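Please read the structure below before turning to the comments.
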Amino acid sequence: MVLVSIVLLAVEHRSSRLDGSRSILSILVYPIQLLVSLPVEMTEQMYETVVSYTELKKENKRLKEKQLIDSVKLLKFAALENENIRLRSLLENSFKLGEQVLVAELLSVNLVPYEHVVVVNKGSRFGVHKKQPVLDANGIVGQVIRSLPLSSEVMLITDTNHAIPVQVNRNGLRTIAIGSGLLNRLNLPFLPNNADILPGDLLVTSGLGGTFPQGYPVAVVDKFTVQPDQPFADIYATPKAKLDKSRELLIVWTDPTPVPLTLPEIKVETEPKVENSENVTE
Amino acid sequence: MLPNKQMSLLGYFVTIILAMGFKILPLPVMLSNINPDWVLLALIYWTLAIPEKLGVFNAWVVGLFVDVLTGRLLGQHALAYALICYACLKLHKRLRQYPVLQQSLFIFCSLLVSQMLIFWIENIKQPTEFTTAFWAPVFLGTLCWPVVYSALRYIRHLGHIG
């Protein structure tokens, strides 16, 4: 038994040959995960049924206004995007676009302490695969580290084993943000003391490394301390995504083929996400 | 009424599944850091209670399920649980005679061994920091043992299991 365990451990550590058996087992344990997340979902549903009519009306009105503003912004955005692609083709530069999203809901389970890994209810049956970026309405949440048939595991950007290539939105300064193990903090350990970075700077994904698409907000720089005796400055950032609050996450597929340089017609695949208002009107 | 043998196995499965649920319960960070290994506690109890029906292989399979449930490398919990189950099977005659306090000492050792094995395997996979928080689940698990023991005994006696 001991030998079998050690062999299993070694095989899984080195290769991905055991993924099949893991997915079979995962189907068996999925009911337990559902069972555990049931109370949280129940209380949420209770809240939805109990919440007063006027409250709902107010929320509905607010969401409608927000949607209107957002769709106007999107109109402008589509025009800007076309213009951007045209300009880039003039500069002989290719541009990646065309992203598809899937809405996945969080299961309220806690796998292990000290690791920021969450489980969502969409798995490889929906085409989710490893290394896909995961977002919420405010910014990058993390990436898929394991996709099982019915669920998948997502590592948050604040996990201590997670690093994400970012750049400062203001001046394009590139660096890497590493998780700190706290849900509200990222560390930027590789910037020198004279780096041009200020508290309040927005960090966006730089697209290097290939996992995360370029240009999504990641975090806002929080604190910048110069350490004269150290080669690197001490910089903290707060993630933009509401890592501990959002229950709906977006799993993103990036289209790996860049848009050709001289393009006759431009296809723009932007889907306005308005599924929030559905939840409320029920 | 089901026969005794099936009742006891039913109780075993239900409590193990419950324990797995407790293990992945979404708790605030403070509490989840000290959440003890309920599955192992339940497993030890049932191995001591009905050693003729449960074996090492059974513990190993439960461990595999826990591995998948918590997203660890396959075989990590399985190895720890199988080893501890083996010790329980060897010592069950003696352990059953002990008062709860003395049993707690054994529980402490088994939780520590299991935690250490799991930590060690994790550490081979990727270097992890050894903190004082390592001890919290072990101590809390030991403190919980009398409660788990009486609760599971109550469940077992509900079905008049021998």
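We name chains A, B, ... following the order of the structure tokens; residues begin at 1 in each chain, and ligands are numbered from 1 as shown.
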
Chain B residues near chain A (6 Å cut-off, only C-alpha atoms) as a VMD selection string: chain B and resid 21 24 to 26 32 to 33 70 74 to 75 79

12 Å contact set for Ala237 of chain A, only C-alpha atoms, chain neighbours under 5 positions out, as an MDAnalysis selection string: chainID A and resid 157:158 166 168 176:180 182:189 197:204 217:225

Alpha helix (DSSP H) per DSSP on the backbone: members of segment 20-149 of chain B, as a count of residues only: 99

Contacts of segment 85-93 of chain B within 10 Å, only C-alpha atoms, excl. fewer than 4 positions in-chain, as a list of chain:residue names: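 Near neighbours after the sequence-gap exclusion: B:Leu40, B:Leu43, B:Ile44, B:Tyr45, B:Trp46, B:Thr47, B:Leu48, B:Ala49, B:Ile50, B:Pro51, B:Glu52, B:Leu54, B:Gly55, B:Val56, B:Phe57, B:Asn58, B:Ala59, B:Trp60, B:Leu79, B:Ala80, B:Tyr81, B:Gln97, B:Tyr98, B:Phe106, B:Ile107, B:Ser110.
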